[in-house]
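Trainee: See data13.cif below, with mmCIF, C-alpha atoms, pLDDT in the B column; chains and numbers go by the auth columns.
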data_entry
loop_
_atom_site.group_PDB
_atom_site.id
_atom_site.type_symbol
_atom_site.label_atom_id
_atom_site.label_comp_id
_atom_site.label_asym_id
_atom_site.label_seq_id
_atom_site.Cartn_x
_atom_site.Cartn_y
_atom_site.Cartn_z
_atom_site.B_iso_or_equiv
_atom_site.auth_seq_id
_atom_site.auth_asym_id
ATOM 1 C CA MET A 1 86.672 162.079 205.175 54.00 86 A
ATOM 2 C CA ARG A 2 88.664 159.551 203.178 50.00 87 A
ATOM 3 C CA ARG A 3 88.668 157.784 199.823 55.00 88 A
ATOM 4 C CA SER A 4 85.452 158.452 197.863 61.00 89 A
ATOM 5 C CA GLN A 5 84.087 160.774 200.588 53.00 90 A
ATOM 6 C CA PHE A 6 86.917 163.277 200.221 63.00 91 A
ATOM 7 C CA GLN A 7 85.709 166.637 198.890 66.00 92 A
ATOM 8 C CA ARG A 8 87.732 167.974 195.958 73.00 93 A
ATOM 9 C CA SER A 9 86.537 171.544 196.498 73.00 94 A
ATOM 10 C CA THR A 10 86.866 173.733 199.592 69.00 95 A
ATOM 11 C CA THR A 11 83.996 175.096 201.668 68.00 96 A
ATOM 12 C CA ASP A 12 84.837 178.670 200.629 65.00 97 A
ATOM 13 C CA GLN A 13 84.899 177.643 196.999 73.00 98 A
ATOM 14 C CA ARG A 14 81.451 176.087 197.263 69.00 99 A
ATOM 15 C CA LEU A 15 80.130 179.167 199.059 66.00 100 A
ATOM 16 C CA LEU A 16 81.438 181.621 196.459 73.00 101 A
ATOM 17 C CA ASP A 17 80.529 179.555 193.441 71.00 102 A
ATOM 18 C CA SER A 18 77.107 180.801 192.319 64.00 103 A
ATOM 19 C CA ARG A 19 76.636 177.926 189.906 67.00 104 A
ATOM 20 C CA GLY A 20 75.078 174.600 190.747 66.00 105 A
ATOM 21 C CA PRO A 21 71.723 173.365 192.078 69.00 106 A
ATOM 22 C CA THR A 22 69.608 175.443 194.480 72.00 107 A
ATOM 23 C CA ASP A 23 67.886 172.523 196.208 76.00 108 A
ATOM 24 C CA TRP A 24 69.927 173.237 199.338 69.00 109 A
ATOM 25 C CA VAL A 25 67.636 176.151 200.281 74.00 110 A
ATOM 26 C CA HIS A 26 64.848 173.624 200.873 75.00 111 A
ATOM 27 C CA THR A 27 66.825 171.187 203.000 81.00 112 A
ATOM 28 C CA ASP A 28 66.430 170.666 206.741 83.00 113 A
ATOM 29 C CA PRO A 29 69.815 172.190 207.734 83.00 114 A
ATOM 30 C CA TRP A 30 68.840 175.403 205.976 85.00 115 A
ATOM 31 C CA ARG A 31 65.435 175.342 207.673 86.00 116 A
ATOM 32 C CA VAL A 32 67.208 175.256 211.037 91.00 117 A
ATOM 33 C CA LEU A 33 68.719 178.664 210.238 91.00 118 A
ATOM 34 C CA ARG A 34 65.327 180.024 209.233 90.00 119 A
ATOM 35 C CA ILE A 35 63.833 178.714 212.477 92.00 120 A
ATOM 36 C CA GLN A 36 66.684 180.296 214.418 95.00 121 A
ATOM 37 C CA SER A 37 66.103 183.620 212.676 95.00 122 A
ATOM 38 C CA GLU A 38 62.416 183.557 213.656 95.00 123 A
ATOM 39 C CA PHE A 39 63.285 183.065 217.318 96.00 124 A
ATOM 40 C CA ILE A 40 65.865 185.852 217.167 96.00 125 A
ATOM 41 C CA GLU A 41 63.439 188.220 215.467 95.00 126 A
ATOM 42 C CA GLY A 42 60.687 187.458 217.977 96.00 127 A
ATOM 43 C CA PHE A 43 62.964 187.797 220.995 96.00 128 A
ATOM 44 C CA GLY A 44 64.365 191.063 219.666 95.00 129 A
ATOM 45 C CA ALA A 45 60.968 192.588 218.947 94.00 130 A
ATOM 46 C CA LEU A 46 59.364 191.641 222.271 96.00 131 A
ATOM 47 C CA ALA A 47 62.223 191.652 224.790 94.00 132 A
ATOM 48 C CA GLU A 48 61.216 195.012 226.289 93.00 133 A
ATOM 49 C CA LEU A 49 57.460 194.577 225.961 94.00 134 A
ATOM 50 C CA GLY A 50 56.612 194.528 229.660 93.00 135 A
ATOM 51 C CA PRO A 51 53.557 192.809 231.197 95.00 136 A
ATOM 52 C CA ALA A 52 51.321 191.370 228.483 96.00 137 A
ATOM 53 C CA ILE A 53 48.333 189.105 227.980 97.00 138 A
ATOM 54 C CA SER A 54 47.772 186.936 224.918 98.00 139 A
ATOM 55 C CA VAL A 55 44.218 187.042 223.577 98.00 140 A
ATOM 56 C CA PHE A 56 42.886 184.286 221.307 98.00 141 A
ATOM 57 C CA GLY A 57 39.693 183.860 219.343 97.00 142 A
ATOM 58 C CA SER A 58 38.240 183.270 215.914 97.00 143 A
ATOM 59 C CA ALA A 59 39.469 185.102 212.837 95.00 144 A
ATOM 60 C CA ARG A 60 35.960 184.605 211.420 95.00 145 A
ATOM 61 C CA THR A 61 34.196 186.792 213.975 97.00 146 A
ATOM 62 C CA GLN A 62 32.546 189.669 212.118 97.00 147 A
ATOM 63 C CA PRO A 63 32.525 193.305 213.318 97.00 148 A
ATOM 64 C CA ASP A 64 28.758 193.143 213.911 97.00 149 A
ATOM 65 C CA ASP A 65 29.123 190.073 216.173 97.00 150 A
ATOM 66 C CA PRO A 66 28.667 190.852 219.893 96.00 151 A
ATOM 67 C CA MET A 67 31.876 188.909 220.542 97.00 152 A
ATOM 68 C CA TYR A 68 33.801 191.416 218.422 98.00 153 A
ATOM 69 C CA ALA A 69 32.647 194.225 220.694 98.00 154 A
ATOM 70 C CA LEU A 70 33.512 192.123 223.749 98.00 155 A
ATOM 71 C CA ALA A 71 37.024 191.485 222.429 98.00 156 A
ATOM 72 C CA GLU A 72 37.455 195.185 221.748 98.00 157 A
ATOM 73 C CA GLN A 73 36.381 195.957 225.309 98.00 158 A
ATOM 74 C CA LEU A 74 38.781 193.321 226.596 98.00 159 A
ATOM 75 C CA GLY A 75 41.703 194.865 224.716 98.00 160 A
ATOM 76 C CA ARG A 76 40.822 198.272 226.089 98.00 161 A
ATOM 77 C CA GLU A 77 40.497 197.124 229.705 98.00 162 A
ATOM 78 C CA LEU A 78 43.685 195.071 229.571 98.00 163 A
ATOM 79 C CA SER A 79 45.495 198.126 228.269 97.00 164 A
ATOM 80 C CA ASP A 80 44.010 200.310 231.007 97.00 165 A
ATOM 81 C CA ALA A 81 45.219 197.738 233.552 96.00 166 A
ATOM 82 C CA GLY A 82 48.790 198.144 232.286 96.00 167 A
ATOM 83 C CA PHE A 83 49.055 195.119 230.011 97.00 168 A
ATOM 84 C CA ALA A 84 50.192 194.969 226.423 97.00 169 A
ATOM 85 C CA VAL A 85 47.836 192.875 224.272 98.00 170 A
ATOM 86 C CA ILE A 86 49.252 190.095 222.102 98.00 171 A
ATOM 87 C CA THR A 87 47.138 188.444 219.397 98.00 172 A
ATOM 88 C CA GLY A 88 47.729 186.454 216.245 96.00 173 A
ATOM 89 C CA GLY A 89 47.470 189.723 214.348 96.00 174 A
ATOM 90 C CA GLY A 90 44.654 188.562 212.088 95.00 175 A
ATOM 91 C CA PRO A 91 41.022 189.662 211.627 96.00 176 A
ATOM 92 C CA GLY A 92 38.020 188.914 213.819 97.00 177 A
ATOM 93 C CA VAL A 93 38.584 188.640 217.569 98.00 178 A
ATOM 94 C CA MET A 94 42.292 189.345 217.108 97.00 179 A
ATOM 95 C CA GLU A 95 41.622 192.583 215.268 98.00 180 A
ATOM 96 C CA ALA A 96 39.078 193.656 217.871 98.00 181 A
ATOM 97 C CA ALA A 97 41.445 193.081 220.809 98.00 182 A
ATOM 98 C CA ASN A 98 44.251 194.907 219.003 98.00 183 A
ATOM 99 C CA LYS A 99 41.894 197.767 218.215 98.00 184 A
ATOM 100 C CA GLY A 100 40.767 198.128 221.827 98.00 185 A
ATOM 101 C CA ALA A 101 44.344 198.155 223.093 97.00 186 A
ATOM 102 C CA SER A 102 45.569 200.581 220.439 96.00 187 A
ATOM 103 C CA GLU A 103 42.712 203.048 220.848 97.00 188 A
ATOM 104 C CA SER A 104 43.243 202.968 224.612 96.00 189 A
ATOM 105 C CA GLY A 105 46.856 204.021 224.165 96.00 190 A
ATOM 106 C CA GLY A 106 48.304 200.622 225.035 96.00 191 A
ATOM 107 C CA VAL A 107 50.767 198.438 223.179 96.00 192 A
ATOM 108 C CA SER A 108 49.094 196.271 220.540 97.00 193 A
ATOM 109 C CA VAL A 109 51.109 193.277 219.328 97.00 194 A
ATOM 110 C CA GLY A 110 50.372 190.962 216.414 97.00 195 A
ATOM 111 C CA LEU A 111 52.191 187.687 215.799 97.00 196 A
ATOM 112 C CA GLY A 112 51.215 186.675 212.303 95.00 197 A
ATOM 113 C CA ILE A 113 51.589 183.307 210.622 91.00 198 A
ATOM 114 C CA GLU A 114 52.012 182.326 206.989 88.00 199 A
ATOM 115 C CA LEU A 115 48.673 180.827 205.913 83.00 200 A
ATOM 116 C CA PRO A 116 47.095 180.335 202.492 79.00 201 A
ATOM 117 C CA PHE A 117 43.839 182.035 203.495 73.00 202 A
ATOM 118 C CA GLU A 118 45.032 184.974 205.622 65.00 203 A
ATOM 119 C CA SER A 119 47.274 187.806 204.529 67.00 204 A
ATOM 120 C CA GLY A 120 48.957 190.548 206.499 82.00 205 A
ATOM 121 C CA LEU A 121 48.471 191.927 209.978 94.00 206 A
ATOM 122 C CA ASN A 122 45.406 193.942 210.912 95.00 207 A
ATOM 123 C CA ARG A 123 45.804 197.720 210.920 94.00 208 A
ATOM 124 C CA TRP A 124 45.616 198.016 214.713 96.00 209 A
ATOM 125 C CA VAL A 125 48.910 196.205 215.315 96.00 210 A
ATOM 126 C CA ASP A 126 51.689 198.458 216.652 95.00 211 A
ATOM 127 C CA ILE A 127 54.400 195.784 216.928 95.00 212 A
ATOM 128 C CA GLY A 128 54.141 193.020 214.374 95.00 213 A
ATOM 129 C CA VAL A 129 56.181 189.906 213.687 95.00 214 A
ATOM 130 C CA ASN A 130 55.369 187.402 210.947 93.00 215 A
ATOM 131 C CA PHE A 131 56.296 183.733 211.318 93.00 216 A
ATOM 132 C CA ARG A 132 56.627 180.773 208.986 90.00 217 A
ATOM 133 C CA TYR A 133 56.573 178.205 211.790 92.00 218 A
ATOM 134 C CA PHE A 134 53.775 177.698 214.295 93.00 219 A
ATOM 135 C CA PHE A 135 56.065 176.465 217.066 93.00 220 A
ATOM 136 C CA ALA A 136 58.264 179.579 216.955 95.00 221 A
ATOM 137 C CA ARG A 137 55.173 181.766 217.083 95.00 222 A
ATOM 138 C CA LYS A 138 53.712 179.756 219.967 95.00 223 A
ATOM 139 C CA MET A 139 56.861 180.314 221.995 95.00 224 A
ATOM 140 C CA MET A 140 56.349 184.083 221.741 97.00 225 A
ATOM 141 C CA PHE A 141 52.705 183.860 222.821 96.00 226 A
ATOM 142 C CA VAL A 142 53.730 182.133 226.039 95.00 227 A
ATOM 143 C CA LYS A 143 57.155 183.619 226.774 95.00 228 A
ATOM 144 C CA TYR A 144 56.043 187.246 226.674 95.00 229 A
ATOM 145 C CA ALA A 145 52.582 186.853 228.235 95.00 230 A
ATOM 146 C CA GLN A 146 51.580 186.565 231.862 94.00 231 A
ATOM 147 C CA GLY A 147 48.314 184.854 230.994 95.00 232 A
ATOM 148 C CA PHE A 148 45.825 183.930 228.276 97.00 233 A
ATOM 149 C CA VAL A 149 42.292 185.142 227.688 98.00 234 A
ATOM 150 C CA VAL A 150 40.482 182.918 225.206 98.00 235 A
ATOM 151 C CA LEU A 151 37.319 183.927 223.360 98.00 236 A
ATOM 152 C CA PRO A 152 35.219 181.656 221.117 98.00 237 A
ATOM 153 C CA GLY A 153 37.245 180.258 218.255 98.00 238 A
ATOM 154 C CA GLY A 154 38.026 177.212 216.175 97.00 239 A
ATOM 155 C CA PHE A 155 40.826 174.660 215.953 96.00 240 A
ATOM 156 C CA GLY A 156 43.618 177.237 216.184 94.00 241 A
ATOM 157 C CA THR A 157 42.089 178.687 219.345 97.00 242 A
ATOM 158 C CA PHE A 158 41.658 175.207 220.837 97.00 243 A
ATOM 159 C CA ASP A 159 45.276 174.437 220.013 96.00 244 A
ATOM 160 C CA GLU A 160 46.553 177.462 221.918 96.00 245 A
ATOM 161 C CA LEU A 161 44.201 176.793 224.830 97.00 246 A
ATOM 162 C CA PHE A 162 45.192 173.173 225.331 97.00 247 A
ATOM 163 C CA GLU A 163 48.867 173.921 224.881 95.00 248 A
ATOM 164 C CA ALA A 164 48.623 176.507 227.670 95.00 249 A
ATOM 165 C CA LEU A 165 46.766 174.048 229.908 96.00 250 A
ATOM 166 C CA THR A 166 49.457 171.434 229.254 96.00 251 A
ATOM 167 C CA LEU A 167 52.254 173.879 230.115 94.00 252 A
ATOM 168 C CA VAL A 168 50.543 174.852 233.366 94.00 253 A
ATOM 169 C CA GLN A 169 49.736 171.244 234.282 95.00 254 A
ATOM 170 C CA THR A 170 53.340 170.155 233.707 94.00 255 A
ATOM 171 C CA GLN A 171 54.643 173.240 235.544 92.00 256 A
ATOM 172 C CA LYS A 172 56.533 174.525 232.538 92.00 257 A
ATOM 173 C CA VAL A 173 54.978 177.909 233.314 89.00 258 A
ATOM 174 C CA THR A 174 53.948 179.245 236.715 81.00 259 A
ATOM 175 C CA SER A 175 51.314 181.754 237.884 78.00 260 A
ATOM 176 C CA PHE A 176 49.746 181.599 234.440 91.00 261 A
ATOM 177 C CA PRO A 177 46.006 182.329 234.462 95.00 262 A
ATOM 178 C CA ILE A 178 43.743 181.164 231.654 96.00 263 A
ATOM 179 C CA GLY A 179 40.387 182.864 231.237 97.00 264 A
ATOM 180 C CA LEU A 180 37.652 181.586 228.921 98.00 265 A
ATOM 181 C CA VAL A 181 35.182 184.288 227.916 98.00 266 A
ATOM 182 C CA GLY A 182 31.747 183.109 226.774 97.00 267 A
ATOM 183 C CA THR A 183 30.037 180.581 229.040 97.00 268 A
ATOM 184 C CA ASP A 184 27.493 179.472 226.425 97.00 269 A
ATOM 185 C CA TYR A 185 30.261 178.704 223.958 98.00 270 A
ATOM 186 C CA TRP A 186 32.601 176.907 226.362 98.00 271 A
ATOM 187 C CA GLN A 187 30.099 175.024 228.534 97.00 272 A
ATOM 188 C CA GLY A 188 30.041 171.951 226.289 97.00 273 A
ATOM 189 C CA LEU A 189 33.822 171.631 226.336 97.00 274 A
ATOM 190 C CA VAL A 190 34.033 172.284 230.071 97.00 275 A
ATOM 191 C CA GLY A 191 31.271 169.733 230.698 97.00 276 A
ATOM 192 C CA TRP A 192 33.129 167.099 228.671 97.00 277 A
ATOM 193 C CA VAL A 193 36.397 167.812 230.515 97.00 278 A
ATOM 194 C CA THR A 194 34.622 167.676 233.885 95.00 279 A
ATOM 195 C CA LYS A 195 32.463 164.627 233.366 94.00 280 A
ATOM 196 C CA THR A 196 34.275 162.501 230.810 97.00 281 A
ATOM 197 C CA VAL A 197 37.969 163.334 231.122 97.00 282 A
ATOM 198 C CA LEU A 198 38.026 163.810 234.895 97.00 283 A
ATOM 199 C CA GLU A 199 35.708 160.921 235.730 96.00 284 A
ATOM 200 C CA ASP A 200 37.747 158.626 233.497 97.00 285 A
ATOM 201 C CA GLY A 201 40.848 159.534 235.491 97.00 286 A
ATOM 202 C CA LYS A 202 42.678 161.250 232.646 97.00 287 A
ATOM 203 C CA ILE A 203 43.124 164.469 234.654 97.00 288 A
ATOM 204 C CA SER A 204 42.983 165.330 238.357 96.00 289 A
ATOM 205 C CA GLU A 205 40.520 167.514 240.259 96.00 290 A
ATOM 206 C CA PRO A 206 43.046 170.369 240.754 94.00 291 A
ATOM 207 C CA ASP A 207 43.492 170.559 236.964 96.00 292 A
ATOM 208 C CA LEU A 208 40.038 172.125 236.737 96.00 293 A
ATOM 209 C CA ASP A 209 41.383 175.138 238.647 94.00 294 A
ATOM 210 C CA MET A 210 43.759 175.981 235.815 95.00 295 A
ATOM 211 C CA PHE A 211 41.072 177.894 233.915 96.00 296 A
ATOM 212 C CA HIS A 212 38.135 180.160 234.725 96.00 297 A
ATOM 213 C CA VAL A 213 35.001 180.660 232.625 97.00 298 A
ATOM 214 C CA THR A 214 33.189 183.993 232.605 97.00 299 A
ATOM 215 C CA ASP A 215 31.031 186.326 230.542 97.00 300 A
ATOM 216 C CA ASP A 216 32.392 189.390 232.338 97.00 301 A
ATOM 217 C CA VAL A 217 35.369 191.152 230.755 97.00 302 A
ATOM 218 C CA ALA A 218 36.139 192.929 234.030 97.00 303 A
ATOM 219 C CA GLU A 219 36.334 189.568 235.789 97.00 304 A
ATOM 220 C CA ALA A 220 38.702 188.207 233.129 97.00 305 A
ATOM 221 C CA VAL A 221 40.956 191.210 233.683 97.00 306 A
ATOM 222 C CA ARG A 222 40.821 190.728 237.456 95.00 307 A
ATOM 223 C CA ILE A 223 41.894 187.103 237.019 93.00 308 A
ATOM 224 C CA VAL A 224 45.050 188.049 235.132 93.00 309 A
ATOM 225 C CA GLU A 225 45.743 190.984 237.459 92.00 310 A
ATOM 226 C CA ALA A 226 45.586 188.679 240.492 87.00 311 A
ATOM 227 C CA ALA A 227 48.110 186.392 238.837 77.00 312 A
ATOM 228 C CA ARG A 228 50.408 189.344 238.203 75.00 313 A
ATOM 229 C CA ILE A 229 50.299 190.190 241.919 70.00 314 A
ATOM 230 C CA ARG A 230 51.104 186.565 242.795 63.00 315 A
ATOM 231 C CA HIS A 231 53.924 186.598 240.258 60.00 316 A
ATOM 232 C CA ARG A 232 55.413 189.735 241.815 59.00 317 A
ATOM 233 C CA SER A 233 55.194 188.232 245.300 53.00 318 A
ATOM 234 C CA THR A 234 56.918 185.059 244.130 51.00 319 A
ATOM 235 C CA ALA A 235 59.618 187.085 242.408 47.00 320 A
ATOM 236 C CA LEU A 236 60.240 189.093 245.592 48.00 321 A
ATOM 237 C CA GLU A 237 60.421 185.903 247.659 51.00 322 A
ATOM 238 C CA ASP A 238 62.907 184.419 245.195 52.00 323 A
ATOM 239 C CA GLU A 239 64.946 187.630 245.309 54.00 324 A
ATOM 240 C CA ASP A 240 64.976 187.632 249.122 53.00 325 A
ATOM 241 C CA PHE A 241 65.973 183.974 249.137 46.00 326 A
ATOM 242 C CA GLN A 242 68.833 184.692 246.723 52.00 327 A
ATOM 243 C CA VAL A 243 70.068 187.573 248.853 48.00 328 A
ATOM 244 C CA VAL A 244 70.108 185.348 251.938 48.00 329 A
ATOM 245 C CA ALA A 245 71.794 182.549 250.009 49.00 330 A
ATOM 246 C CA ASP A 246 74.465 184.923 248.706 56.00 331 A
ATOM 247 C CA TRP A 247 75.040 186.317 252.195 52.00 332 A
ATOM 248 C CA ASP A 248 75.296 182.809 253.643 56.00 333 A
ATOM 249 C CA GLU A 249 77.771 181.784 250.977 57.00 334 A
ATOM 250 C CA GLU A 250 79.929 184.842 251.654 56.00 335 A
ATOM 251 C CA ALA A 251 79.799 184.150 255.407 53.00 336 A
ATOM 252 C CA GLN A 252 81.158 180.668 254.836 53.00 337 A
#
Using the file provided, produce a representation of the structure as structure tokens.

Mentor:
Amino acid sequence: MRRSQFQRSTTDQRLLDSRGPTDWVHTDPWRVLRIQSEFIEGFGALAELGPAISVFGSARTQPDDPMYALAEQLGRELSDAGFAVITGGGPGVMEAANKGASESGGVSVGLGIELPFESGLNRWVDIGVNFRYFFARKMMFVKYAQGFVVLPGGFGTFDELFEALTLVQTQKVTSFPIGLVGTDYWQGLVGWVTKTVLEDGKISEPDLDMFHVTDDVAEAVRIVEAARIRHRSTALEDEDFQVVADWDEEAQ
């Protein structure tokens, strides 16, 4: 820096001087540090989670709704199958899935988000992380899950569903099953994707294999279990390939 751009004070002086404006805490460079801290906190909390499935659905589902009971059953059966259950940590379907997992003795995870109309994590969350930023939270849903099970929900649920489909379609994630529970609820969307989007050439026929629609919780669990088996097989093949590659390199 030269001429008028030269700073008369030092960086340490500006750091230690408590006087002056506080607008800097709202600037983009400061937000970068907050974003970084959210990733670090999420990675630290979930690094040793083990196999997990992310479950999505409406926060507005009431405890007397049959879908609440179905979500609770899903959480329980996923836990019994050896999966941790990850939800958004809120009420409704999320609460039910967390409850089923927790009562079954499994690991119940809630990834909360700062919203004006929701507060706190539901009481069935064992490991909870709260986020300011949706994109940091979304990373955790995908990074630490081996699949998604999606129950009826609104825009937030659709957002997570289509993001997962995009990641699978673009091969950003592999062996990632997506189960939609509730055929009556999803049939309109699936019909539109099949007839309008596919027939108009906006997706390809194999893209329809990225998700499975069912009313059977046991079938949804089988879908994600099958993907876990495929994932293990792929991992073993990659490990064998690496061993051979290392041996070949040493031989040379």

Trainee: Neighbours of Val194 of chain A within 9 Å (only C-alpha atoms; same-chain residues fewer than 2 positions away dropped), as a ChimeraX atom specification?

Mentor: /A:131,169-174,183,192,196,209-214

Trainee: From the set A:Gln158, A:Thr112, A:Gln98, A:Ser139, which residue has the shortest atom-to-atom contact distance to Gly264 of chain A, counting all atoms listed in the file?

Mentor: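 Of the candidates, the smallest distance to Gly264 of chain A is held by A:Ser139.
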
Trainee: A:Phe261, A:Phe141, A:Trp277, A:Phe216: which is nearest Gln231 of chain A, counting only C-alpha atoms?

Mentor: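 When distances to Gln231 of chain A are compared using only C-alpha atoms, the smallest one comes from A:Phe261.
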
Trainee: Excluding same-chain residues fewer than 6 positions from Ala166 of chain A, what lies within 12 Å of it counting all atoms listed in the file, as a list in words?

Mentor: Pro136, Ala137, Ile138, Leu159, Gly160, Ala186, Ser189, Gly190, Gly191, Val192, Ala303, Ala305, Val306, Arg307, Ile308, Val309, Glu310, Ala311 and Arg313 of chain A

Trainee: Closest to Gly142 of chain A among A:Glu245, A:Asp113, A:Asp294, A:Glu199, using only C-alpha atoms?

Mentor: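 Of the candidates, the smallest distance to Gly142 of chain A is held by A:Glu245.
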
Trainee: So what do you get for atom CA of Thr146 of chain A versus atom CA of Tyr218 of chain A, distance-wise?

Mentor: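 These atoms are spaced 24.1 Å apart.
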
Trainee: I need the residue set behind the PyMOL selection byres ((chain A and resi 128) around 12) for this file; please write it as a ChimeraX atom specification.

Mentor: /A:121-127,129-134,196,214,221-222,224-229

Trainee: Kindly export the residues of the current selection with C-alpha atoms, as a PDB file, keeping the file's coordinate frame.

Mentor:
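Listed below is the output, result-v3.pdb:
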ATOM      1  CA  GLN A 121      66.684 180.296 214.418  1.00 95.00           C
ATOM      2  CA  SER A 122      66.103 183.620 212.676  1.00 95.00           C
ATOM      3  CA  GLU A 123      62.416 183.557 213.656  1.00 95.00           C
ATOM      4  CA  PHE A 124      63.285 183.065 217.318  1.00 96.00           C
ATOM      5  CA  ILE A 125      65.865 185.852 217.167  1.00 96.00           C
ATOM      6  CA  GLU A 126      63.439 188.220 215.467  1.00 95.00           C
ATOM      7  CA  GLY A 127      60.687 187.458 217.977  1.00 96.00           C
ATOM      8  CA  GLY A 129      64.365 191.063 219.666  1.00 95.00           C
ATOM      9  CA  ALA A 130      60.968 192.588 218.947  1.00 94.00           C
ATOM     10  CA  LEU A 131      59.364 191.641 222.271  1.00 96.00           C
ATOM     11  CA  ALA A 132      62.223 191.652 224.790  1.00 94.00           C
ATOM     12  CA  GLU A 133      61.216 195.012 226.289  1.00 93.00           C
ATOM     13  CA  LEU A 134      57.460 194.577 225.961  1.00 94.00           C
ATOM     14  CA  LEU A 196      52.191 187.687 215.799  1.00 97.00           C
ATOM     15  CA  VAL A 214      56.181 189.906 213.687  1.00 95.00           C
ATOM     16  CA  ALA A 221      58.264 179.579 216.955  1.00 95.00           C
ATOM     17  CA  ARG A 222      55.173 181.766 217.083  1.00 95.00           C
ATOM     18  CA  MET A 224      56.861 180.314 221.995  1.00 95.00           C
ATOM     19  CA  MET A 225      56.349 184.083 221.741  1.00 97.00           C
ATOM     20  CA  PHE A 226      52.705 183.860 222.821  1.00 96.00           C
ATOM     21  CA  VAL A 227      53.730 182.133 226.039  1.00 95.00           C
ATOM     22  CA  LYS A 228      57.155 183.619 226.774  1.00 95.00           C
ATOM     23  CA  TYR A 229      56.043 187.246 226.674  1.00 95.00           C
TER      24      TYR A 229
END

Trainee: Mind giving me the axis-aligned box for segment 144-147 of chain A with 5 Å on every side, centre plus edges in Å to one decimal, as lines of an AutoDock Vina configuration file?

Mentor:
center_x = 36.0
center_y = 187.1
center_z = 212.7
size_x = 16.9
size_y = 15.1
size_z = 12.6

Trainee: Write out as number ranges by chain which residues come within 12 Å of Gln254 of chain A when counting all atoms listed in the file, dropping same-chain ones fewer than 2 positions away.

Mentor: A: 247-252, 256-263, 288-296

Trainee: Go ahead and save the picked residues with C-alpha atoms, as a PDB file, keeping the file's coordinate frame.

Mentor:
ATOM      1  CA  PHE A 247      45.192 173.173 225.331  1.00 97.00           C
ATOM      2  CA  GLU A 248      48.867 173.921 224.881  1.00 95.00           C
ATOM      3  CA  ALA A 249      48.623 176.507 227.670  1.00 95.00           C
ATOM      4  CA  LEU A 250      46.766 174.048 229.908  1.00 96.00           C
ATOM      5  CA  THR A 251      49.457 171.434 229.254  1.00 96.00           C
ATOM      6  CA  LEU A 252      52.254 173.879 230.115  1.00 94.00           C
ATOM      7  CA  GLN A 256      54.643 173.240 235.544  1.00 92.00           C
ATOM      8  CA  LYS A 257      56.533 174.525 232.538  1.00 92.00           C
ATOM      9  CA  VAL A 258      54.978 177.909 233.314  1.00 89.00           C
ATOM     10  CA  THR A 259      53.948 179.245 236.715  1.00 81.00           C
ATOM     11  CA  SER A 260      51.314 181.754 237.884  1.00 78.00           C
ATOM     12  CA  PHE A 261      49.746 181.599 234.440  1.00 91.00           C
ATOM     13  CA  PRO A 262      46.006 182.329 234.462  1.00 95.00           C
ATOM     14  CA  ILE A 263      43.743 181.164 231.654  1.00 96.00           C
ATOM     15  CA  ILE A 288      43.124 164.469 234.654  1.00 97.00           C
ATOM     16  CA  SER A 289      42.983 165.330 238.357  1.00 96.00           C
ATOM     17  CA  GLU A 290      40.520 167.514 240.259  1.00 96.00           C
ATOM     18  CA  PRO A 291      43.046 170.369 240.754  1.00 94.00           C
ATOM     19  CA  ASP A 292      43.492 170.559 236.964  1.00 96.00           C
ATOM     20  CA  LEU A 293      40.038 172.125 236.737  1.00 96.00           C
ATOM     21  CA  ASP A 294      41.383 175.138 238.647  1.00 94.00           C
ATOM     22  CA  MET A 295      43.759 175.981 235.815  1.00 95.00           C
ATOM     23  CA  PHE A 296      41.072 177.894 233.915  1.00 96.00           C
TER      24      PHE A 296
END

Trainee: Between atom CA of Ser143 of chain A and atom CA of Pro176 of chain A, what is the distance in Å, rounded to a tenth?

Mentor: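 Taking atom CA of Ser143 of chain A as the start and atom CA of Pro176 of chain A as the end point, the length is 8.2 Å.
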
Trainee: Can you spell out as an NGL selection string the set of residues that the PyMOL selection byres ((chain A and resi 144) around 12) selects in the structure I just provided?

Mentor: :A and (140-143 or 145-148 or 150 or 152-153 or 156 or 172-182 or 197 or 202-204 or 206-207 or 236-242)
